[in-house]
$ cat data-v7.pdb   # PDB, C-alpha atoms (C1' of nucleotides)
MODEL        1
ATOM      1  CA  MET O 282      90.803 -78.913  79.262  1.00  0.00           C
ATOM      2  CA  ASN O 283      94.190 -79.054  77.598  1.00  0.00           C
ATOM      3  CA  SER O 284      94.286 -79.381  73.829  1.00  0.00           C
ATOM      4  CA  GLN O 285      95.852 -82.831  73.669  1.00  0.00           C
ATOM      5  CA  ILE O 286      93.113 -84.203  75.885  1.00  0.00           C
ATOM      6  CA  GLN O 287      90.541 -82.304  73.900  1.00  0.00           C
ATOM      7  CA  ARG O 288      91.687 -84.066  70.721  1.00  0.00           C
ATOM      8  CA  ILE O 289      91.566 -87.462  72.341  1.00  0.00           C
ATOM      9  CA  ALA O 290      88.070 -86.784  73.665  1.00  0.00           C
ATOM     10  CA  GLU O 291      86.919 -85.831  70.173  1.00  0.00           C
ATOM     11  CA  LEU O 292      88.185 -88.930  68.386  1.00  0.00           C
ATOM     12  CA  ASP O 293      85.531 -90.674  66.291  1.00  0.00           C
ATOM     13  CA  ARG O 294      84.813 -93.872  68.238  1.00  0.00           C
ATOM     14  CA  VAL O 295      83.564 -95.695  65.173  1.00  0.00           C
ATOM     15  CA  ILE O 296      86.973 -95.308  63.537  1.00  0.00           C
ATOM     16  CA  HIS O 297      89.011 -95.501  66.725  1.00  0.00           C
ATOM     17  CA  GLU O 298      88.107 -99.149  67.315  1.00  0.00           C
ATOM     18  CA  PRO O 299      91.239-101.019  66.116  1.00  0.00           C
ATOM     19  CA  GLY O 300      89.361-103.582  64.022  1.00  0.00           C
ATOM     20  CA  ARG O 301      87.567-100.865  62.108  1.00  0.00           C
ATOM     21  CA  LEU O 302      90.630 -98.635  62.025  1.00  0.00           C
ATOM     22  CA  MET O 303      92.500-101.380  60.177  1.00  0.00           C
ATOM     23  CA  ILE O 304      89.663-101.771  57.691  1.00  0.00           C
ATOM     24  CA  VAL O 305      89.383 -98.051  57.059  1.00  0.00           C
ATOM     25  CA  ALA O 306      93.152 -97.557  56.780  1.00  0.00           C
ATOM     26  CA  LEU O 307      93.382-100.395  54.278  1.00  0.00           C
ATOM     27  CA  LEU O 308      90.494 -99.104  52.180  1.00  0.00           C
ATOM     28  CA  TYR O 309      91.921 -95.601  52.301  1.00  0.00           C
ATOM     29  CA  ALA O 310      95.113 -96.903  50.712  1.00  0.00           C
ATOM     30  CA  VAL O 311      93.717 -99.258  48.100  1.00  0.00           C
ATOM     31  CA  ASP O 312      90.343 -97.737  47.162  1.00  0.00           C
ATOM     32  CA  GLN O 313      88.739-101.154  46.820  1.00  0.00           C
ATOM     33  CA  ALA O 314      89.206-104.521  48.455  1.00  0.00           C
ATOM     34  CA  ASP O 315      87.268-107.715  48.916  1.00  0.00           C
ATOM     35  CA  PHE O 316      86.238-109.483  52.087  1.00  0.00           C
ATOM     36  CA  LEU O 317      88.886-112.195  51.951  1.00  0.00           C
ATOM     37  CA  TYR O 318      91.669-109.709  51.360  1.00  0.00           C
ATOM     38  CA  LEU O 319      90.585-107.714  54.419  1.00  0.00           C
ATOM     39  CA  GLN O 320      90.318-110.864  56.479  1.00  0.00           C
ATOM     40  CA  HIS O 321      93.808-111.895  55.492  1.00  0.00           C
ATOM     41  CA  GLU O 322      95.364-108.470  56.027  1.00  0.00           C
ATOM     42  CA  THR O 323      93.704-107.768  59.360  1.00  0.00           C
ATOM     43  CA  GLY O 324      93.886-111.274  60.799  1.00  0.00           C
ATOM     44  CA  MET O 325      90.308-111.012  62.070  1.00  0.00           C
ATOM     45  CA  ASN O 326      87.938-113.941  61.947  1.00  0.00           C
ATOM     46  CA  LYS O 327      85.093-113.587  59.475  1.00  0.00           C
ATOM     47  CA  GLY O 328      82.348-113.071  62.055  1.00  0.00           C
ATOM     48  CA  THR O 329      84.128-110.115  63.638  1.00  0.00           C
ATOM     49  CA  LEU O 330      85.051-108.700  60.241  1.00  0.00           C
ATOM     50  CA  SER O 331      81.490-109.022  59.031  1.00  0.00           C
ATOM     51  CA  SER O 332      80.097-107.178  62.029  1.00  0.00           C
ATOM     52  CA  HIS O 333      82.637-104.350  61.747  1.00  0.00           C
ATOM     53  CA  ILE O 334      81.777-103.961  58.083  1.00  0.00           C
ATOM     54  CA  SER O 335      78.088-103.782  58.964  1.00  0.00           C
ATOM     55  CA  ARG O 336      78.835-101.071  61.491  1.00  0.00           C
ATOM     56  CA  LEU O 337      80.833 -99.069  58.972  1.00  0.00           C
ATOM     57  CA  GLU O 338      78.101 -99.515  56.410  1.00  0.00           C
ATOM     58  CA  LYS O 339      75.448 -98.361  58.864  1.00  0.00           C
ATOM     59  CA  GLU O 340      77.591 -95.283  59.530  1.00  0.00           C
ATOM     60  CA  GLU O 341      77.843 -94.832  55.731  1.00  0.00           C
ATOM     61  CA  TYR O 342      81.633 -94.899  55.906  1.00  0.00           C
ATOM     62  CA  VAL O 343      81.962 -97.825  53.478  1.00  0.00           C
ATOM     63  CA  GLU O 344      80.075 -98.980  50.423  1.00  0.00           C
ATOM     64  CA  VAL O 345      79.427-102.658  49.963  1.00  0.00           C
ATOM     65  CA  LEU O 346      79.039-104.293  46.568  1.00  0.00           C
ATOM     66  CA  LYS O 347      78.036-107.933  46.487  1.00  0.00           C
ATOM     67  CA  THR O 348      79.139-109.464  43.244  1.00  0.00           C
ATOM     68  CA  TYR O 349      80.697-112.622  41.820  1.00  0.00           C
ATOM     69  CA  ARG O 350      84.177-113.732  40.933  1.00  0.00           C
ATOM     70  CA  GLY O 351      83.203-116.306  38.342  1.00  0.00           C
ATOM     71  CA  LYS O 352      80.520-118.210  40.176  1.00  0.00           C
ATOM     72  CA  VAL O 353      81.852-117.534  43.650  1.00  0.00           C
ATOM     73  CA  PRO O 354      80.272-114.704  45.623  1.00  0.00           C
ATOM     74  CA  GLN O 355      82.529-111.790  46.387  1.00  0.00           C
ATOM     75  CA  THR O 356      81.947-108.795  48.630  1.00  0.00           C
ATOM     76  CA  LEU O 357      83.734-105.675  47.475  1.00  0.00           C
ATOM     77  CA  LEU O 358      84.307-102.823  49.895  1.00  0.00           C
ATOM     78  CA  SER O 359      85.270 -99.231  49.347  1.00  0.00           C
ATOM     79  CA  LEU O 360      85.385 -96.073  51.437  1.00  0.00           C
ATOM     80  CA  SER O 361      82.628 -93.557  50.834  1.00  0.00           C
ATOM     81  CA  SER O 362      83.607 -89.903  50.666  1.00  0.00           C
ATOM     82  CA  ALA O 363      82.194 -89.534  54.178  1.00  0.00           C
ATOM     83  CA  GLY O 364      84.420 -92.413  55.287  1.00  0.00           C
ATOM     84  CA  ARG O 365      87.423 -90.826  53.627  1.00  0.00           C
ATOM     85  CA  LYS O 366      86.762 -87.517  55.335  1.00  0.00           C
ATOM     86  CA  ALA O 367      86.179 -89.193  58.684  1.00  0.00           C
ATOM     87  CA  PHE O 368      89.476 -91.052  58.408  1.00  0.00           C
ATOM     88  CA  GLU O 369      91.368 -87.911  57.433  1.00  0.00           C
ATOM     89  CA  GLN O 370      89.903 -86.053  60.369  1.00  0.00           C
ATOM     90  CA  TYR O 371      90.714 -88.919  62.710  1.00  0.00           C
ATOM     91  CA  ARG O 372      94.281 -89.033  61.448  1.00  0.00           C
ATOM     92  CA  ARG O 373      94.655 -85.275  61.814  1.00  0.00           C
ATOM     93  CA  LYS O 374      93.503 -85.364  65.430  1.00  0.00           C
ATOM     94  CA  ILE O 375      95.768 -88.282  66.212  1.00  0.00           C
ATOM     95  CA  ARG O 376      98.736 -86.482  64.675  1.00  0.00           C
ATOM     96  CA  GLU O 377      97.943 -83.306  66.584  1.00  0.00           C
ATOM     97  CA  ALA O 378      97.655 -85.225  69.844  1.00  0.00           C
ATOM     98  CA  PHE O 379     100.844 -87.289  69.492  1.00  0.00           C
TER      99      PHE O 379
ATOM    100  CA  MET J 264     100.207-107.802  56.553  1.00  0.00           C
ATOM    101  CA  ASN J 265     101.351-104.279  55.797  1.00  0.00           C
ATOM    102  CA  SER J 266     103.282-102.440  58.473  1.00  0.00           C
ATOM    103  CA  GLN J 267     100.724 -99.741  59.176  1.00  0.00           C
ATOM    104  CA  ILE J 268      98.104-102.382  59.853  1.00  0.00           C
ATOM    105  CA  GLN J 269     100.603-104.361  61.889  1.00  0.00           C
ATOM    106  CA  ARG J 270     101.103-101.362  64.175  1.00  0.00           C
ATOM    107  CA  ILE J 271      97.400-100.840  64.623  1.00  0.00           C
ATOM    108  CA  ALA J 272      96.913-104.506  65.454  1.00  0.00           C
ATOM    109  CA  GLU J 273      99.631-104.302  68.101  1.00  0.00           C
ATOM    110  CA  LEU J 274      98.252-101.265  69.950  1.00  0.00           C
ATOM    111  CA  ASP J 275      97.830-101.813  73.689  1.00  0.00           C
ATOM    112  CA  ARG J 276      94.056-101.965  74.151  1.00  0.00           C
ATOM    113  CA  VAL J 277      94.254-100.920  77.776  1.00  0.00           C
ATOM    114  CA  ILE J 278      95.793 -97.608  76.750  1.00  0.00           C
ATOM    115  CA  HIS J 279      93.958 -97.276  73.454  1.00  0.00           C
ATOM    116  CA  GLU J 280      90.599 -96.799  75.152  1.00  0.00           C
ATOM    117  CA  PRO J 281      90.046 -92.997  74.979  1.00  0.00           C
ATOM    118  CA  GLY J 282      89.025 -92.613  78.600  1.00  0.00           C
ATOM    119  CA  ARG J 283      92.195 -94.311  79.796  1.00  0.00           C
ATOM    120  CA  LEU J 284      94.298 -92.661  77.100  1.00  0.00           C
ATOM    121  CA  MET J 285      93.299 -89.263  78.467  1.00  0.00           C
ATOM    122  CA  ILE J 286      94.199 -90.300  82.008  1.00  0.00           C
ATOM    123  CA  VAL J 287      97.567 -91.715  80.980  1.00  0.00           C
ATOM    124  CA  ALA J 288      98.429 -88.749  78.764  1.00  0.00           C
ATOM    125  CA  LEU J 289      97.606 -86.352  81.587  1.00  0.00           C
ATOM    126  CA  LEU J 290      99.635 -88.278  84.136  1.00  0.00           C
ATOM    127  CA  TYR J 291     102.519 -88.552  81.705  1.00  0.00           C
ATOM    128  CA  ALA J 292     102.644 -84.761  81.486  1.00  0.00           C
ATOM    129  CA  VAL J 293     102.153 -83.813  85.116  1.00  0.00           C
ATOM    130  CA  ASP J 294     103.638 -86.730  87.081  1.00  0.00           C
ATOM    131  CA  GLN J 295     100.941 -86.543  89.733  1.00  0.00           C
ATOM    132  CA  ALA J 296      97.281 -85.558  89.784  1.00  0.00           C
ATOM    133  CA  ASP J 297      94.264 -86.063  91.986  1.00  0.00           C
ATOM    134  CA  PHE J 298      90.904 -87.576  91.202  1.00  0.00           C
ATOM    135  CA  LEU J 299      88.998 -84.312  90.907  1.00  0.00           C
ATOM    136  CA  TYR J 300      91.578 -82.801  88.607  1.00  0.00           C
ATOM    137  CA  LEU J 301      91.335 -85.797  86.293  1.00  0.00           C
ATOM    138  CA  GLN J 302      87.567 -85.676  86.399  1.00  0.00           C
ATOM    139  CA  HIS J 303      87.576 -82.019  85.494  1.00  0.00           C
ATOM    140  CA  GLU J 304      90.168 -82.351  82.726  1.00  0.00           C
ATOM    141  CA  THR J 305      88.656 -85.419  81.093  1.00  0.00           C
ATOM    142  CA  GLY J 306      84.986 -84.531  81.542  1.00  0.00           C
ATOM    143  CA  MET J 307      84.194 -88.076  82.628  1.00  0.00           C
ATOM    144  CA  ASN J 308      81.695 -88.805  85.380  1.00  0.00           C
ATOM    145  CA  LYS J 309      83.186 -90.195  88.545  1.00  0.00           C
ATOM    146  CA  GLY J 310      81.894 -93.744  88.115  1.00  0.00           C
ATOM    147  CA  THR J 311      83.526 -94.119  84.738  1.00  0.00           C
ATOM    148  CA  LEU J 312      86.711 -92.421  85.919  1.00  0.00           C
ATOM    149  CA  SER J 313      86.894 -94.634  88.981  1.00  0.00           C
ATOM    150  CA  SER J 314      86.533 -97.819  86.938  1.00  0.00           C
ATOM    151  CA  HIS J 315      89.189 -96.733  84.413  1.00  0.00           C
ATOM    152  CA  ILE J 316      91.552 -95.976  87.272  1.00  0.00           C
ATOM    153  CA  SER J 317      90.891 -99.421  88.753  1.00  0.00           C
ATOM    154  CA  ARG J 318      91.673-100.998  85.403  1.00  0.00           C
ATOM    155  CA  LEU J 319      94.930 -99.062  85.108  1.00  0.00           C
ATOM    156  CA  GLU J 320      95.826 -99.975  88.652  1.00  0.00           C
ATOM    157  CA  LYS J 321      95.115-103.652  88.022  1.00  0.00           C
ATOM    158  CA  GLU J 322      97.393-103.436  84.979  1.00  0.00           C
ATOM    159  CA  GLU J 323      99.989-101.740  87.213  1.00  0.00           C
ATOM    160  CA  TYR J 324     100.152 -98.731  84.938  1.00  0.00           C
ATOM    161  CA  VAL J 325      99.213 -96.252  87.669  1.00  0.00           C
ATOM    162  CA  GLU J 326      99.878 -95.971  91.370  1.00  0.00           C
ATOM    163  CA  VAL J 327      97.122 -94.826  93.671  1.00  0.00           C
ATOM    164  CA  LEU J 328      97.745 -93.004  96.914  1.00  0.00           C
ATOM    165  CA  LYS J 329      94.768 -92.310  99.148  1.00  0.00           C
ATOM    166  CA  THR J 330      95.531 -89.376 101.363  1.00  0.00           C
ATOM    167  CA  TYR J 331      93.960 -86.198 102.745  1.00  0.00           C
ATOM    168  CA  ARG J 332      93.933 -82.584 101.749  1.00  0.00           C
ATOM    169  CA  GLY J 333      93.383 -81.151 105.209  1.00  0.00           C
ATOM    170  CA  LYS J 334      90.477 -83.260 106.419  1.00  0.00           C
ATOM    171  CA  VAL J 335      89.056 -84.047 103.007  1.00  0.00           C
ATOM    172  CA  PRO J 336      90.002 -87.346 101.364  1.00  0.00           C
ATOM    173  CA  GLN J 337      92.087 -87.082  98.237  1.00  0.00           C
ATOM    174  CA  THR J 338      93.128 -89.764  95.781  1.00  0.00           C
ATOM    175  CA  LEU J 339      96.479 -89.076  94.154  1.00  0.00           C
ATOM    176  CA  LEU J 340      97.419 -90.813  90.923  1.00  0.00           C
ATOM    177  CA  SER J 341     100.734 -91.205  89.186  1.00  0.00           C
ATOM    178  CA  LEU J 342     102.102 -93.275  86.312  1.00  0.00           C
ATOM    179  CA  SER J 343     104.256 -96.228  87.245  1.00  0.00           C
ATOM    180  CA  SER J 344     107.399 -96.807  85.211  1.00  0.00           C
ATOM    181  CA  ALA J 345     105.548 -99.639  83.460  1.00  0.00           C
ATOM    182  CA  GLY J 346     102.754 -97.198  82.643  1.00  0.00           C
ATOM    183  CA  ARG J 347     105.238 -94.659  81.367  1.00  0.00           C
ATOM    184  CA  LYS J 348     106.873 -97.245  79.124  1.00  0.00           C
ATOM    185  CA  ALA J 349     103.536 -98.532  77.893  1.00  0.00           C
ATOM    186  CA  PHE J 350     102.446 -95.018  76.975  1.00  0.00           C
ATOM    187  CA  GLU J 351     105.710 -94.298  75.172  1.00  0.00           C
ATOM    188  CA  GLN J 352     105.388 -97.506  73.193  1.00  0.00           C
ATOM    189  CA  TYR J 353     101.771 -96.742  72.374  1.00  0.00           C
ATOM    190  CA  ARG J 354     102.700 -93.256  71.201  1.00  0.00           C
ATOM    191  CA  ARG J 355     105.554 -94.599  69.092  1.00  0.00           C
ATOM    192  CA  LYS J 356     103.296 -97.063  67.329  1.00  0.00           C
ATOM    193  CA  ILE J 357     100.648 -94.437  66.740  1.00  0.00           C
ATOM    194  CA  ARG J 358     103.225 -92.071  65.289  1.00  0.00           C
ATOM    195  CA  GLU J 359     104.624 -94.780  63.051  1.00  0.00           C
ATOM    196  CA  ALA J 360     101.163 -95.689  61.811  1.00  0.00           C
ATOM    197  CA  PHE J 361      99.950 -92.144  61.101  1.00  0.00           C
TER     198      PHE J 361
ATOM    199  C1'  DG Z 145      69.969 -83.253 112.064  1.00  0.00           C
ATOM    200  C1'  DA Z 146      70.437 -82.224 107.119  1.00  0.00           C
ATOM    201  C1'  DA Z 147      73.223 -81.202 103.386  1.00  0.00           C
ATOM    202  C1'  DT Z 148      77.832 -81.478 101.218  1.00  0.00           C
ATOM    203  C1'  DC Z 149      82.107 -83.611  99.729  1.00  0.00           C
ATOM    204  C1'  DT Z 150      85.147 -87.419  97.846  1.00  0.00           C
ATOM    205  C1'  DG Z 151      85.187 -91.415  95.870  1.00  0.00           C
ATOM    206  C1'  DG Z 152      83.559 -96.290  95.202  1.00  0.00           C
ATOM    207  C1'  DT Z 153      79.947 -99.678  93.911  1.00  0.00           C
ATOM    208  C1'  DT Z 154      75.940-101.395  91.499  1.00  0.00           C
ATOM    209  C1'  DG Z 155      72.597-102.219  87.862  1.00  0.00           C
ATOM    210  C1'  DG Z 156      71.236-101.702  83.313  1.00  0.00           C
ATOM    211  C1'  DT Z 157      72.332-101.088  78.422  1.00  0.00           C
ATOM    212  C1'  DG Z 158      74.956-101.382  74.440  1.00  0.00           C
ATOM    213  C1'  DA Z 159      79.508-102.687  72.100  1.00  0.00           C
ATOM    214  C1'  DT Z 160      83.163-106.075  71.121  1.00  0.00           C
ATOM    215  C1'  DG Z 161      85.419-110.820  70.146  1.00  0.00           C
ATOM    216  C1'  DC Z 162      85.248-115.437  69.362  1.00  0.00           C
ATOM    217  C1'  DA Z 163      83.519-119.873  67.968  1.00  0.00           C
ATOM    218  C1'  DA Z 164      79.855-122.413  66.208  1.00  0.00           C
ATOM    219  C1'  DA Z 165      75.843-122.847  63.528  1.00  0.00           C
ATOM    220  C1'  DC Z 166      73.596-121.453  59.491  1.00  0.00           C
ATOM    221  C1'  DT Z 167      72.496-119.899  54.361  1.00  0.00           C
ATOM    222  C1'  DG Z 168      72.883-120.309  49.564  1.00  0.00           C
ATOM    223  C1'  DG Z 169      75.445-121.671  46.294  1.00  0.00           C
ATOM    224  C1'  DT Z 170      79.312-124.690  43.771  1.00  0.00           C
ATOM    225  C1'  DA Z 171      82.039-128.908  42.886  1.00  0.00           C
ATOM    226  C1'  DG Z 172      83.244-133.741  43.052  1.00  0.00           C
ATOM    227  C1'  DG Z 173      82.363-138.806  43.513  1.00  0.00           C
ATOM    228  C1'  DC Z 174      79.537-142.461  42.384  1.00  0.00           C
TER     229       DC Z 174
ATOM    230  C1'  DG A 234      70.399-137.742  40.087  1.00  0.00           C
ATOM    231  C1'  DC A 235      72.059-137.822  44.896  1.00  0.00           C
ATOM    232  C1'  DC A 236      75.185-137.335  48.666  1.00  0.00           C
ATOM    233  C1'  DT A 237      78.946-135.103  50.698  1.00  0.00           C
ATOM    234  C1'  DA A 238      82.306-131.548  51.110  1.00  0.00           C
ATOM    235  C1'  DC A 239      83.567-126.892  50.435  1.00  0.00           C
ATOM    236  C1'  DC A 240      83.236-121.690  49.946  1.00  0.00           C
ATOM    237  C1'  DA A 241      81.814-116.773  51.210  1.00  0.00           C
ATOM    238  C1'  DG A 242      79.579-114.475  54.389  1.00  0.00           C
ATOM    239  C1'  DT A 243      75.970-113.731  58.070  1.00  0.00           C
ATOM    240  C1'  DT A 244      73.816-114.676  62.399  1.00  0.00           C
ATOM    241  C1'  DT A 245      73.712-116.276  67.078  1.00  0.00           C
ATOM    242  C1'  DG A 246      75.130-117.278  71.823  1.00  0.00           C
ATOM    243  C1'  DC A 247      78.133-116.186  75.319  1.00  0.00           C
ATOM    244  C1'  DA A 248      81.676-113.705  77.969  1.00  0.00           C
ATOM    245  C1'  DT A 249      83.789-109.401  78.753  1.00  0.00           C
ATOM    246  C1'  DC A 250      84.080-104.457  78.614  1.00  0.00           C
ATOM    247  C1'  DA A 251      82.462 -99.410  78.502  1.00  0.00           C
ATOM    248  C1'  DC A 252      79.170 -95.853  79.934  1.00  0.00           C
ATOM    249  C1'  DC A 253      75.892 -93.571  82.721  1.00  0.00           C
ATOM    250  C1'  DA A 254      72.920 -92.698  86.539  1.00  0.00           C
ATOM    251  C1'  DA A 255      71.852 -93.790  90.974  1.00  0.00           C
ATOM    252  C1'  DC A 256      72.937 -95.154  95.287  1.00  0.00           C
ATOM    253  C1'  DC A 257      76.184 -95.846  99.170  1.00  0.00           C
ATOM    254  C1'  DA A 258      80.069 -94.974 102.780  1.00  0.00           C
ATOM    255  C1'  DG A 259      82.506 -92.144 105.760  1.00  0.00           C
ATOM    256  C1'  DA A 260      83.623 -87.992 107.132  1.00  0.00           C
ATOM    257  C1'  DT A 261      82.709 -82.725 107.466  1.00  0.00           C
ATOM    258  C1'  DT A 262      80.150 -78.510 107.777  1.00  0.00           C
ATOM    259  C1'  DC A 263      76.207 -75.652 108.377  1.00  0.00           C
TER     260       DC A 263
ENDMDL
END
$ encode --input "data-v7.pdb" --output "structure tokens"
Amino acid sequence: MNSQIQRIAELDRVIHEPGRLMIVALLYAVDQADFLYLQHETGMNKGTLSSHISRLEKEEYVEVLKTYRGKVPQTLLSLSSAGRKAFEQYRRKIREAF
Amino acid sequence: MNSQIQRIAELDRVIHEPGRLMIVALLYAVDQADFLYLQHETGMNKGTLSSHISRLEKEEYVEVLKTYRGKVPQTLLSLSSAGRKAFEQYRRKIREAF
DNA sequence: GAATCTGGTTGGTGATGCAAACTGGTAGGC
DNA sequence: GCCTACCAGTTTGCATCACCAACCAGATTC
């Protein structure tokens, strides 16, 4: 198997999914963001965003902190160190392949 | 929306799928390949490979030529010019994003 | 006749995307 | 107080897609 194909075959599917890739790339850049910010930046509807966040949480790639902005609930997201590493590895393989 | 995220959002989903990305990247490099070669290089089972090829054909990204190697049937695949352009655009967006 | 070869099709399972319904709380009008 | 509307997210129902194994078709070879 040639090495470009090898890299593609090894891509982390959890991160490769564009919806989650946007989330992870955003969190990688800003360290912390809330649900509404992610929704606005990614253009996803809230149901889809919510389910991608759940998937990333289940994978332990993001940490979720439910808090309040005044009296309004706010969900804060950040990348875990595992998530950060996974993204860096994904990015490295993508760069090597293309 | 920041430009990295914009690029990710615009990625062609038909090509983004790793199975099809491997096929397209291989065909981009070699111009023509047969079914068994693709199966061997990608490691996919034939059912999955066959359905990805059908999808790419439906999208008019690949051309399929059913022929014979001696008396044994052989399916030859090549990228169409639309497929070539789509791959180049995909690669450009990936490179810009990462 | 039985096994092999190439490739396609089918059936089942899980993932994704969207809209709509829902939850638990807040705010405003009267 | 009470009713309605809103807000932040989550869950659900439905359609489509991806993956694998198994089976099938048509021809060949042993």
$ closest_residue --input "data-v7.pdb" --among "O:Lys327, O:Gln313, O:Leu302, O:Glu291" --to "chain Z" --atoms "only C-alpha atoms (C1' of nucleotides)"
O:Lys327
$ residues_around --input "data-v7.pdb" --residues "Ser343 in chain J" --least-positions-apart "6" --cutoff "12 Å" --atoms "only C-alpha atoms (C1' of nucleotides)" --output "PyMOL selection string"
chain J and resi 287+290-291+294-295+319-327+349-350
$ residues_around --input "data-v7.pdb" --residues "DG152 in chain Z" --least-positions-apart "6" --cutoff "10 Å" --atoms "all atoms listed in the file" --output "PyMOL selection string"
(chain J and resi 309-310+313-314) or (chain A and resi 257-258)
$ write_last_selection --input "data-v7.pdb" --atoms "C-alpha atoms (C1' of nucleotides)" --output "mmCIF file, in the coordinates of the input"
data_model
loop_
_atom_site.group_PDB
_atom_site.id
_atom_site.type_symbol
_atom_site.label_atom_id
_atom_site.label_comp_id
_atom_site.auth_asym_id
_atom_site.auth_seq_id
_atom_site.Cartn_x
_atom_site.Cartn_y
_atom_site.Cartn_z
ATOM 1 C CA LYS J 309 83.186 -90.195 88.545
ATOM 2 C CA GLY J 310 81.894 -93.744 88.115
ATOM 3 C CA SER J 313 86.894 -94.634 88.981
ATOM 4 C CA SER J 314 86.533 -97.819 86.938
ATOM 5 C "C1'" DC A 257 76.184 -95.846 99.170
ATOM 6 C "C1'" DA A 258 80.069 -94.974 102.780
#
$ atom_distance --input "data-v7.pdb" --atom1 "C1' of DT150 in chain Z" --atom2 "CA of Ser344 in chain J"
27.3 Å
$ resolve_selection --input "data-v7.pdb" --expression "the PyMOL selection byres ((chain O) within 7 of (chain J))" --output "PyMOL selection string"
chain O and resi 282+286+289-290+299+303+322-323+372+376+379
$ write_last_selection --input "data-v7.pdb" --atoms "C-alpha atoms" --output "short mmCIF file (atom, residue, chain, number, x, y, z; two decimals), in the coordinates of the input"
data_model
loop_
_atom_site.label_atom_id
_atom_site.label_comp_id
_atom_site.auth_asym_id
_atom_site.auth_seq_id
_atom_site.Cartn_x
_atom_site.Cartn_y
_atom_site.Cartn_z
CA MET O 282 90.80 -78.91 79.26
CA ILE O 286 93.11 -84.20 75.89
CA ILE O 289 91.57 -87.46 72.34
CA ALA O 290 88.07 -86.78 73.67
CA PRO O 299 91.24 -101.02 66.12
CA MET O 303 92.50 -101.38 60.18
CA GLU O 322 95.36 -108.47 56.03
CA THR O 323 93.70 -107.77 59.36
CA ARG O 372 94.28 -89.03 61.45
CA ARG O 376 98.74 -86.48 64.68
CA PHE O 379 100.84 -87.29 69.49
#
$ closest_atom_pairs --input "data-v7.pdb" --of "chain J" --to "chain Z" --cutoff "12 Å" --atoms "all atoms listed in the file" --output "tab-separated table"
residue	atom	partner	partner_atom	distance
J:Asp297	CA	Z:DT150	C1'	10.9
J:Phe298	CA	Z:DG151	C1'	8.3
J:Leu299	CA	Z:DT150	C1'	8.5
J:Gln302	CA	Z:DG151	C1'	11.3
J:Asn308	CA	Z:DG151	C1'	11.4
J:Lys309	CA	Z:DG151	C1'	7.7
J:Gly310	CA	Z:DG152	C1'	7.7
J:Thr311	CA	Z:DG152	C1'	10.7
J:Leu312	CA	Z:DG151	C1'	10.1
J:Ser313	CA	Z:DG152	C1'	7.3
J:Ser314	CA	Z:DG152	C1'	8.9
J:Ile316	CA	Z:DG152	C1'	11.3
J:Ser317	CA	Z:DG152	C1'	10.3
J:Lys329	CA	Z:DG151	C1'	10.2
J:Thr330	CA	Z:DT150	C1'	11.1
J:Tyr331	CA	Z:DT150	C1'	10.2
J:Arg332	CA	Z:DT150	C1'	10.8
J:Lys334	CA	Z:DC149	C1'	10.7
J:Val335	CA	Z:DT150	C1'	7.3
J:Pro336	CA	Z:DT150	C1'	6.0
J:Gln337	CA	Z:DT150	C1'	7.0
J:Thr338	CA	Z:DG151	C1'	8.1
J:Leu339	CA	Z:DG151	C1'	11.7
$ write_last_selection --input "data-v7.pdb" --atoms "C-alpha atoms" --output "tab-separated table (two decimals), in the coordinates of the input"
chain	number	residue	atom	x	y	z
J	297	ASP	CA	94.26	-86.06	91.99
J	298	PHE	CA	90.90	-87.58	91.20
J	299	LEU	CA	89.00	-84.31	90.91
J	302	GLN	CA	87.57	-85.68	86.40
J	308	ASN	CA	81.69	-88.80	85.38
J	309	LYS	CA	83.19	-90.20	88.54
J	310	GLY	CA	81.89	-93.74	88.12
J	311	THR	CA	83.53	-94.12	84.74
J	312	LEU	CA	86.71	-92.42	85.92
J	313	SER	CA	86.89	-94.63	88.98
J	314	SER	CA	86.53	-97.82	86.94
J	316	ILE	CA	91.55	-95.98	87.27
J	317	SER	CA	90.89	-99.42	88.75
J	329	LYS	CA	94.77	-92.31	99.15
J	330	THR	CA	95.53	-89.38	101.36
J	331	TYR	CA	93.96	-86.20	102.74
J	332	ARG	CA	93.93	-82.58	101.75
J	334	LYS	CA	90.48	-83.26	106.42
J	335	VAL	CA	89.06	-84.05	103.01
J	336	PRO	CA	90.00	-87.35	101.36
J	337	GLN	CA	92.09	-87.08	98.24
J	338	THR	CA	93.13	-89.76	95.78
J	339	LEU	CA	96.48	-89.08	94.15
$ closest_atom_pairs --input "data-v7.pdb" --of "chain A" --to "chain O" --cutoff "12 Å" --atoms "all atoms listed in the file" --output "CSV"
residue,atom,partner,partner_atom,distance
A:DC239,C1',O:Val353,CA,11.7
A:DC240,C1',O:Val353,CA,7.7
A:DA241,C1',O:Pro354,CA,6.2
A:DG242,C1',O:Ser331,CA,7.4
A:DT243,C1',O:Ser331,CA,7.3
A:DT244,C1',O:Gly328,CA,8.7
A:DT245,C1',O:Gly328,CA,10.5
A:DA251,C1',O:Arg294,CA,11.9
$ atom_distance --input "data-v7.pdb" --atom1 "CA of Lys356 in chain J" --atom2 "C1' of DC250 in chain A"
23.5 Å
$ atom_distance --input "data-v7.pdb" --atom1 "C1' of DA260 in chain A" --atom2 "CA of Leu328 in chain J"
18.1 Å
$ axis_aligned_box --input "data-v7.pdb" --around "range 343-359 of chain O" --padding-each-side "6 Å" --output "AutoDock Vina command-line options"
--center_x 81.7 --center_y -108.0 --center_z 45.9 --size_x 19.2 --size_y 32.4 --size_z 27.1
